[in-house]
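Structure below is my_file30.pdb: PDB, C-alpha atoms.
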ATOM      1  CA  MET A   1     -14.405  14.652  -5.878
ATOM      2  CA  SER A   2     -15.115  14.324  -9.621
ATOM      3  CA  HIS A   3     -11.415  14.833 -10.333
ATOM      4  CA  ALA A   4     -10.435  12.353  -7.632
ATOM      5  CA  ARG A   5     -12.754   9.649  -8.998
ATOM      6  CA  HIS A   6     -10.838   9.650 -12.273
ATOM      7  CA  ALA A   7      -7.428   9.701 -10.585
ATOM      8  CA  TYR A   8      -7.413   6.218  -9.061
ATOM      9  CA  LEU A   9      -8.241   2.637  -9.971
ATOM     10  CA  PRO A  10     -10.704   1.019  -7.526
ATOM     11  CA  ALA A  11      -9.456  -2.027  -5.629
ATOM     12  CA  ALA A  12     -11.603  -4.414  -7.681
ATOM     13  CA  GLY A  13     -10.979  -2.563 -10.936
ATOM     14  CA  ARG A  14     -14.565  -1.265 -11.116
ATOM     15  CA  ASP A  15     -16.848   0.030  -8.363
ATOM     16  CA  VAL A  16     -19.500  -2.558  -9.215
ATOM     17  CA  PHE A  17     -17.064  -5.388  -8.363
ATOM     18  CA  LEU A  18     -16.088  -4.018  -4.925
ATOM     19  CA  PRO A  19     -18.358  -6.413  -2.951
ATOM     20  CA  LEU A  20     -16.470  -9.312  -4.560
ATOM     21  CA  TYR A  21     -13.003  -7.983  -3.733
ATOM     22  CA  ASP A  22     -12.623  -9.308  -0.184
ATOM     23  CA  PRO A  23     -13.929 -12.844  -0.770
ATOM     24  CA  LEU A  24     -11.896 -13.167  -3.968
ATOM     25  CA  THR A  25      -8.601 -12.024  -2.426
ATOM     26  CA  LYS A  26      -9.195 -14.246   0.605
ATOM     27  CA  LEU A  27      -9.815 -17.235  -1.641
ATOM     28  CA  LEU A  28      -6.597 -16.509  -3.531
ATOM     29  CA  GLY A  29      -4.476 -16.461  -0.363
ATOM     30  CA  ALA A  30      -4.023 -12.721   0.172
ATOM     31  CA  ASP A  31      -4.629 -13.004   3.939
ATOM     32  CA  ARG A  32      -1.615 -15.296   4.339
ATOM     33  CA  ALA A  33       0.485 -12.949   2.231
ATOM     34  CA  ARG A  34      -0.502  -9.945   4.363
ATOM     35  CA  ARG A  35       0.433 -11.811   7.549
ATOM     36  CA  LYS A  36       3.823 -12.640   6.071
ATOM     37  CA  LEU A  37       4.317  -8.972   5.160
ATOM     38  CA  PHE A  38       3.488  -7.926   8.712
ATOM     39  CA  ASP A  39       5.827 -10.507  10.225
ATOM     40  CA  GLN A  40       8.803  -9.202   8.232
ATOM     41  CA  ALA A  41       8.283  -5.672   9.590
ATOM     42  CA  SER A  42       9.155  -6.332  13.266
ATOM     43  CA  VAL A  43       6.439  -3.942  14.424
ATOM     44  CA  GLN A  44       6.844  -2.783  18.026
ATOM     45  CA  PRO A  45       4.002  -2.114  20.510
ATOM     46  CA  ASP A  46       4.428   1.686  20.429
ATOM     47  CA  HIS A  47       4.733   2.088  16.665
ATOM     48  CA  GLU A  48       2.780   4.441  14.435
ATOM     49  CA  ILE A  49       1.607   2.527  11.352
ATOM     50  CA  LEU A  50       0.410   3.773   7.959
ATOM     51  CA  ASP A  51      -1.246   1.505   5.381
ATOM     52  CA  ILE A  52      -1.284   3.295   2.020
ATOM     53  CA  GLY A  53      -3.878   2.191  -0.502
ATOM     54  CA  CYS A  54      -5.607   0.395   2.346
ATOM     55  CA  GLY A  55      -8.662  -0.418   0.229
ATOM     56  CA  THR A  56     -11.333  -2.086   2.335
ATOM     57  CA  GLY A  57      -9.086  -2.023   5.404
ATOM     58  CA  THR A  58      -8.279  -5.731   5.680
ATOM     59  CA  LEU A  59      -4.595  -5.272   6.520
ATOM     60  CA  ALA A  60      -5.187  -2.258   8.769
ATOM     61  CA  VAL A  61      -7.775  -4.136  10.831
ATOM     62  CA  ALA A  62      -5.590  -7.236  10.979
ATOM     63  CA  ILE A  63      -2.577  -5.271  12.235
ATOM     64  CA  LYS A  64      -4.669  -3.747  15.005
ATOM     65  CA  ARG A  65      -5.916  -7.183  16.023
ATOM     66  CA  TRP A  66      -2.428  -8.720  15.927
ATOM     67  CA  LEU A  67      -0.901  -5.897  17.988
ATOM     68  CA  PRO A  68      -3.636  -3.802  19.652
ATOM     69  CA  SER A  69      -1.300  -1.210  21.195
ATOM     70  CA  VAL A  70      -0.089   0.233  17.872
ATOM     71  CA  ASN A  71      -1.738   3.234  16.256
ATOM     72  CA  VAL A  72      -2.932   2.388  12.725
ATOM     73  CA  VAL A  73      -3.905   4.816   9.964
ATOM     74  CA  GLY A  74      -5.321   3.615   6.637
ATOM     75  CA  LEU A  75      -5.345   5.839   3.558
ATOM     76  CA  ASP A  76      -7.157   5.319   0.260
ATOM     77  CA  PRO A  77      -8.770   7.563  -2.379
ATOM     78  CA  ASP A  78     -11.885   5.374  -2.720
ATOM     79  CA  PRO A  79     -14.702   6.428  -0.347
ATOM     80  CA  ARG A  80     -16.629   3.205  -0.947
ATOM     81  CA  ALA A  81     -13.672   1.057   0.052
ATOM     82  CA  LEU A  82     -13.038   3.224   3.118
ATOM     83  CA  ALA A  83     -16.653   2.845   4.200
ATOM     84  CA  ARG A  84     -16.190  -0.922   4.122
ATOM     85  CA  GLY A  85     -13.002  -0.556   6.141
ATOM     86  CA  GLU A  86     -14.805   1.488   8.767
ATOM     87  CA  ARG A  87     -17.490  -1.180   9.079
ATOM     88  CA  LYS A  88     -14.809  -3.871   9.438
ATOM     89  CA  ALA A  89     -13.123  -1.904  12.213
ATOM     90  CA  MET A  90     -16.426  -1.496  14.048
ATOM     91  CA  ALA A  91     -17.201  -5.207  13.717
ATOM     92  CA  ALA A  92     -13.754  -6.090  15.049
ATOM     93  CA  ALA A  93     -14.061  -3.525  17.879
ATOM     94  CA  VAL A  94     -10.742  -1.879  16.970
ATOM     95  CA  SER A  95      -9.859   1.793  16.650
ATOM     96  CA  ILE A  96      -8.424   2.762  13.264
ATOM     97  CA  ARG A  97      -8.238   6.142  11.570
ATOM     98  CA  PHE A  98      -9.248   6.044   7.913
ATOM     99  CA  ASP A  99      -8.299   8.985   5.685
ATOM    100  CA  GLN A 100      -9.298   9.671   2.117
ATOM    101  CA  GLY A 101      -6.314  10.765   0.030
ATOM    102  CA  PHE A 102      -3.683   9.818  -2.493
ATOM    103  CA  ALA A 103      -0.451   7.946  -1.803
ATOM    104  CA  ASN A 104       1.574  10.414  -3.891
ATOM    105  CA  ALA A 105       0.316  13.355  -1.799
ATOM    106  CA  LEU A 106       0.208  12.036   1.759
ATOM    107  CA  PRO A 107      -1.627  14.420   4.132
ATOM    108  CA  TYR A 108       0.793  13.823   7.026
ATOM    109  CA  ALA A 109       3.706  15.672   8.569
ATOM    110  CA  ASP A 110       7.307  14.652   7.978
ATOM    111  CA  ALA A 111       8.578  11.774  10.131
ATOM    112  CA  SER A 112       5.123  10.688  11.344
ATOM    113  CA  PHE A 113       5.302   6.893  11.036
ATOM    114  CA  ASP A 114       7.559   4.035  12.136
ATOM    115  CA  ARG A 115       6.268   1.645   9.479
ATOM    116  CA  VAL A 116       4.509   2.147   6.159
ATOM    117  CA  PHE A 117       2.767  -0.812   4.522
ATOM    118  CA  SER A 118       1.610  -1.234   0.939
ATOM    119  CA  SER A 119      -0.236  -4.462   0.156
ATOM    120  CA  LEU A 120      -1.112  -5.381  -3.449
ATOM    121  CA  MET A 121      -1.633  -1.702  -4.271
ATOM    122  CA  PHE A 122       1.482  -0.410  -6.018
ATOM    123  CA  HIS A 123       0.529  -1.874  -9.415
ATOM    124  CA  HIS A 124      -2.654   0.244  -9.360
ATOM    125  CA  LEU A 125      -0.620   3.454  -9.576
ATOM    126  CA  PRO A 126       0.031   5.081 -12.934
ATOM    127  CA  HIS A 127       3.668   5.036 -13.959
ATOM    128  CA  ASN A 128       4.273   8.721 -13.151
ATOM    129  CA  ALA A 129       2.881   8.359  -9.608
ATOM    130  CA  LYS A 130       5.070   5.477  -8.448
ATOM    131  CA  LEU A 131       8.252   7.444  -7.726
ATOM    132  CA  ALA A 132       6.165  10.243  -6.205
ATOM    133  CA  THR A 133       4.502   7.760  -3.855
ATOM    134  CA  LEU A 134       7.824   6.351  -2.683
ATOM    135  CA  GLY A 135       9.134   9.885  -2.164
ATOM    136  CA  GLU A 136       6.156  10.620   0.041
ATOM    137  CA  VAL A 137       6.719   7.399   1.976
ATOM    138  CA  ARG A 138      10.329   8.445   2.543
ATOM    139  CA  ARG A 139       9.136  11.848   3.790
ATOM    140  CA  VAL A 140       6.628  10.559   6.348
ATOM    141  CA  LEU A 141       8.825   7.785   7.743
ATOM    142  CA  LYS A 142      10.576   8.475  11.022
ATOM    143  CA  PRO A 143      14.384   8.155  11.040
ATOM    144  CA  GLY A 144      15.178   4.467  10.811
ATOM    145  CA  GLY A 145      11.574   3.601   9.950
ATOM    146  CA  SER A 146      10.823   1.206   7.119
ATOM    147  CA  LEU A 147       8.550   0.543   4.160
ATOM    148  CA  HIS A 148       7.130  -2.952   3.625
ATOM    149  CA  LEU A 149       5.631  -3.408   0.195
ATOM    150  CA  LEU A 150       3.924  -6.447  -1.301
ATOM    151  CA  ASP A 151       2.963  -6.583  -4.952
ATOM    152  CA  PHE A 152       2.709  -8.527  -8.174
ATOM    153  CA  VAL A 153       5.583  -8.652 -10.613
ATOM    154  CA  GLU A 154       5.908  -9.657 -14.215
ATOM    155  CA  PRO A 155       5.797 -12.038 -16.055
ATOM    156  CA  GLY A 156       2.227 -12.556 -14.848
ATOM    157  CA  ARG A 157       0.720 -11.367 -18.123
ATOM    158  CA  HIS A 158       2.790 -14.001 -19.958
ATOM    159  CA  SER A 159       2.065 -16.773 -17.483
ATOM    160  CA  LEU A 160       0.565 -20.124 -18.456
ATOM    161  CA  ASN A 161      -1.944 -19.481 -15.645
ATOM    162  CA  PRO A 162      -5.053 -17.853 -17.204
ATOM    163  CA  LEU A 163      -6.023 -16.173 -13.912
ATOM    164  CA  ALA A 164      -2.596 -14.590 -13.610
ATOM    165  CA  ARG A 165      -2.756 -13.380 -17.226
ATOM    166  CA  TRP A 166      -6.137 -11.774 -16.608
ATOM    167  CA  LEU A 167      -5.090 -10.028 -13.400
ATOM    168  CA  HIS A 168      -1.859  -8.772 -15.000
ATOM    169  CA  ALA A 169      -3.429  -7.513 -18.214
ATOM    170  CA  SER A 170      -3.411  -3.847 -17.141
ATOM    171  CA  GLU A 171      -0.921  -1.548 -18.851
ATOM    172  CA  ARG A 172       0.069  -0.338 -15.380
ATOM    173  CA  MET A 173       1.649  -3.734 -14.724
ATOM    174  CA  GLU A 174       4.198  -3.213 -17.495
ATOM    175  CA  SER A 175       6.386  -1.008 -15.283
ATOM    176  CA  ASN A 176       5.867  -3.135 -12.170
ATOM    177  CA  THR A 177       9.103  -5.095 -12.517
ATOM    178  CA  GLN A 178      11.261  -5.878  -9.519
ATOM    179  CA  GLU A 179      14.182  -3.928 -10.955
ATOM    180  CA  ARG A 180      12.131  -0.783 -11.476
ATOM    181  CA  ILE A 181      10.509  -0.926  -8.053
ATOM    182  CA  LEU A 182      13.890  -1.301  -6.347
ATOM    183  CA  GLY A 183      15.307   1.494  -8.510
ATOM    184  CA  TRP A 184      12.470   3.856  -7.603
ATOM    185  CA  MET A 185      12.946   3.086  -3.908
ATOM    186  CA  GLY A 186      16.598   4.076  -4.128
ATOM    187  CA  GLU A 187      15.813   7.177  -6.170
ATOM    188  CA  ALA A 188      13.266   8.213  -3.527
ATOM    189  CA  GLY A 189      15.999   8.199  -0.871
ATOM    190  CA  LEU A 190      15.093   4.917   0.797
ATOM    191  CA  LEU A 191      18.041   2.836   1.938
ATOM    192  CA  ASP A 192      18.855  -0.807   1.247
ATOM    193  CA  PRO A 193      15.832  -1.598  -0.931
ATOM    194  CA  HIS A 194      15.662  -5.332  -1.446
ATOM    195  CA  PRO A 195      13.262  -8.234  -1.946
ATOM    196  CA  VAL A 196      12.697 -10.145   1.284
ATOM    197  CA  ALA A 197      10.777 -13.112  -0.108
ATOM    198  CA  PHE A 198       8.820 -14.419  -3.076
ATOM    199  CA  ASP A 199       5.593 -16.411  -3.298
ATOM    200  CA  GLU A 200       3.715 -18.098  -6.101
ATOM    201  CA  ARG A 201      -0.036 -17.669  -5.696
ATOM    202  CA  LEU A 202      -3.008 -18.527  -7.867
ATOM    203  CA  PHE A 203      -3.002 -14.922  -9.109
ATOM    204  CA  GLY A 204       0.688 -14.939 -10.026
ATOM    205  CA  ARG A 205       4.055 -14.219  -8.476
ATOM    206  CA  ILE A 206       4.273 -11.734  -5.609
ATOM    207  CA  VAL A 207       7.337 -10.136  -4.049
ATOM    208  CA  TYR A 208       7.826  -8.818  -0.518
ATOM    209  CA  TYR A 209      10.060  -5.718  -0.461
ATOM    210  CA  ARG A 210      11.726  -3.788   2.339
ATOM    211  CA  ALA A 211      13.487  -0.413   2.404
ATOM    212  CA  SER A 212      14.371   1.994   5.204
ATOM    213  CA  ALA A 213      14.547   5.702   5.901
ATOM    214  CA  PRO A 214      17.970   7.053   6.927
ATOM    215  CA  ALA A 215      18.690   6.936  10.647
ATOM    216  CA  GLN A 216      18.912  10.732  10.671
ATOM    217  CA  ARG A 217      16.746  13.237   8.855
ATOM    218  CA  ASP A 218      18.396  15.010   5.938
ATOM    219  CA  SER A 219      17.409  17.450   3.239
ATOM    220  CA  VAL A 220      17.104  14.914   0.418
ATOM    221  CA  SER A 221      14.211  15.828  -1.837
ATOM    222  CA  VAL A 222      12.587  13.829  -4.599
ATOM    223  CA  THR A 223      11.079  15.304  -7.725
ATOM    224  CA  THR A 224       7.549  14.007  -7.458
ATOM    225  CA  GLY A 225       5.629  16.204  -9.861
ATOM    226  CA  SER A 226       2.444  18.054  -9.030
ATOM    227  CA  ARG A 227       0.090  16.692  -6.422
ATOM    228  CA  PRO A 228      -3.493  15.927  -7.346
ATOM    229  CA  ASP A 229      -6.107  18.490  -6.444
ATOM    230  CA  CYS A 230      -8.184  16.518  -3.988
ATOM    231  CA  SER A 231      -9.765  16.920  -0.602
ATOM    232  CA  THR A 232      -8.838  14.720   2.360
ATOM    233  CA  ARG A 233     -11.393  13.243   4.693
ATOM    234  CA  THR A 234     -10.378  12.134   8.168
ATOM    235  CA  LYS A 235     -12.412   9.723  10.230
ATOM    236  CA  SER A 236     -11.723   7.916  13.452
ATOM    237  CA  ARG A 237     -13.087   4.714  14.847
TER     238      ARG A 237
END
Would you mind writing the file out in structure tokens?
Amino acid sequence: MSHARHAYLPAAGRDVFLPLYDPLTKLLGADRARRKLFDQASVQPDHEILDIGCGTGTLAVAIKRWLPSVNVVGLDPDPRALARGERKAMAAAVSIRFDQGFANALPYADASFDRVFSSLMFHHLPHNAKLATLGEVRRVLKPGGSLHLLDFVEPGRHSLNPLARWLHASERMESNTQERILGWMGEAGLLDPHPVAFDERLFGRIVYYRASAPAQRDSVSVTTGSRPDCSTRTKSR
């Protein structure tokens, strides 16, 4: 786990700030944004759902409460965040599987999920992991399944809003442009990548994206680089 701890950026930037993450994102309107992301996905009662970079499990728990019949899996490399997600699921009396792992090395079989969600996570990834992550999403989506991704975009770091400038100060945000994200989706083999909607929040501009897996499986492969050497923990609630 020592290697894994240095291979991801915690949800709140630093472990010590994790207790502040949920109240801060709620205050800034992230709950409304997550609901909007879910609504665009047309999730059906029998769907298999994956939330990559699930953090403290807010979206995963919400999806299960909005549509209890779906099967929801949340994945994140941060054991502290996952522990919070497990406690949320218990408090909400919902059954969610939380796995520890990396989005660019998903521990799931091909064509396992009808929908993959990514909520305010993609900007955390280092530049060389973003295409790999989308390639993995393409691999685990069922034919005709879809990715629904919500994230910040530039020019947050140049905004007149001081909060937006602070949140966008990371070097990882430099490659998080709409054009690059859409380009990576296409390069990963996802079809019809496009922005669905835009919102201006206190923390900057966010974009809702959608892209789909082909209706039939094919042999398209994506050069994703080497996968991180990490163990995967599986828990059920």
Ground truth for the PyMOL selection byres ((chain A and resi 145) around 7), written as number ranges by chain: A: 114-115, 141-144, 146, 212-213
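For the structure shown here, the set of residues caught by the PyMOL selection byres ((chain A and resi 66) around 12) is Arg34, Arg35, Phe38, Asp39, Val43, Gln44, Pro45, Leu59, Ala60, Val61, Ala62, Ile63, Lys64, Arg65, Leu67, Pro68, Ser69, Val70, Asn71, Val72, Ala92 and Val94 of chain A.
Listed by chain and then by number, the residues chosen by the PyMOL selection byres ((chain A and resi 104-109) around 6) in this file are Phe102, Ala103, Asp110, Ser112, Ala132, Thr133 and Arg227 of chain A.
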Polymer residues at most 10 Å from (9.8, -12.1, 1.5) by only C-alpha atoms, as a VMD selection string: chain A and resid 33 36 to 37 39 to 40 148 to 150 194 to 199 206 to 210
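Those residues that approach region 74-87 of chain A to within 6 Å, counting all atoms listed in the file, are Leu50, Asp51, Ile52, Gly53, Cys54, Gly55, Thr56, Gly57, Phe98, Asp99, Gln100, Gly101 and Phe102 of chain A; same-chain residues fewer than 5 positions away are not listed.
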Can you spit out the residues from that selection as a PDB file, keeping the file's coordinate frame, using C-alpha atoms?
ATOM      1  CA  LEU A  50       0.410   3.773   7.959  1.00  0.00           C
ATOM      2  CA  ASP A  51      -1.246   1.505   5.381  1.00  0.00           C
ATOM      3  CA  ILE A  52      -1.284   3.295   2.020  1.00  0.00           C
ATOM      4  CA  GLY A  53      -3.878   2.191  -0.502  1.00  0.00           C
ATOM      5  CA  CYS A  54      -5.607   0.395   2.346  1.00  0.00           C
ATOM      6  CA  GLY A  55      -8.662  -0.418   0.229  1.00  0.00           C
ATOM      7  CA  THR A  56     -11.333  -2.086   2.335  1.00  0.00           C
ATOM      8  CA  GLY A  57      -9.086  -2.023   5.404  1.00  0.00           C
ATOM      9  CA  PHE A  98      -9.248   6.044   7.913  1.00  0.00           C
ATOM     10  CA  ASP A  99      -8.299   8.985   5.685  1.00  0.00           C
ATOM     11  CA  GLN A 100      -9.298   9.671   2.117  1.00  0.00           C
ATOM     12  CA  GLY A 101      -6.314  10.765   0.030  1.00  0.00           C
ATOM     13  CA  PHE A 102      -3.683   9.818  -2.493  1.00  0.00           C
TER      14      PHE A 102
END
